Amino acid sequence: KRKRKKRKRKKRKGGRKKEGEGEGEREREREREREPASPAHRIYCLKCDVSKYFASIDKNILFQILRRKIRDKDVLCLIWEIIKSNPKGIPIGNLTSQLFANVYLNELDQYVKRVLRKKYYIRYMDDFLILDTDKKHLHKIKEEIRVFLWDELKLTLHPKKAEVFPIDKGVDFLGYVLKNGKRYLRKDTVKRFMKKRRKYRAMIRNGKLEKNRLRDADASWKGYCKFADSHMLRKKLRI
């Protein structure tokens, strides 16, 4: 009986040690996550934007791209009538323009994926980014893309929106800031909303605006916020 009791005590002590070791290991993992990445393992982002995209689309090039996939002459005639209806580029408001603009930059997609062979490439309309561990290589790619866009599509990169930076500083993309595995709201967007909210409240107090307009604005903002880590902000604003 005494031997059994001793064995049980040893097991308990061993179990406590293992639990303590496990907790310590988890804490060390959390510390490693908080530490900035070393230069050797740092990931960089090339983020670009096409300058005046819709107005810069070349009608003849666009039509030639569409002709590769569409054979019906009547459909092609209709498409050409739509394309040439705008004096410069294609109109932003047209439903067809959204499709045509996406098809136009498919040429860039194919170039990046098949020629440059970049695996981590994301594009939404004329905003796109590429991830890599080599900062100099991304600068080189930026120049190659700049040349391709002009030579093949008559487009230019926005001079102030084509940059290379480490992703641990945060990547501002499609209305959110992505940082450390989390998605945050843009600070300027939050400031604009709070300013708009104060304006609406003042107008309601003065009888110049109905309360449902503020409720609609709050509901719209809540829909935008729910895709980000914004619980504390919504709690503060009582939305």
# chains A, B, ... in the order shown; residues from 1 in each chain; ligands from 1
>>> residues_around(residues="Leu174 of chain A", least_positions_apart="5", cutoff="10 Å", atoms="only C-alpha atoms", output="list in words")
Tyr124, Asp127 and Phe128 of chain A
>>> closest_atom_pairs(of="segment 153-189 of chain A", to="segment 102-117 of chain A", cutoff="12 Å", atoms="only C-alpha atoms", output="tab-separated table")
residue	atom	partner	partner_atom	distance
A:Leu153	CA	A:Tyr104	CA	8.0
A:Lys154	CA	A:Tyr104	CA	11.0
A:Leu155	CA	A:Leu105	CA	10.0
>>> residues_around(residues="segment 63-68 of chain A", least_positions_apart="6", cutoff="12 Å", atoms="only C-alpha atoms", output="JSON, numbers by chain")
{"A": [57, 74, 75, 76, 77, 78, 79, 80, 81, 82, 83, 84, 89, 90, 99, 100, 101, 102, 103, 104, 105, 106, 107, 152, 153]}
>>> closest_residue(among="A:His137, A:Arg183, A:Arg213, A:Lys191", to="Phe227 of chain A", atoms="only C-alpha atoms")
A:Arg183
>>> atom_distance(atom1="atom CA of Asp229 of chain A", atom2="atom CA of Lys160 of chain A")
28.2 Å
>>> closest_residue(among="A:Ser97, A:Asp49, A:His139, A:Ser220", to="Ser85 of chain A", atoms="only C-alpha atoms")
A:Ser97
>>> atom_distance(atom1="atom CA of Lys169 of chain A", atom2="atom CA of Gly181 of chain A")
11.8 Å
>>> atom_distance(atom1="atom CA of Val164 of chain A", atom2="atom CA of Leu46 of chain A")
4.5 Å
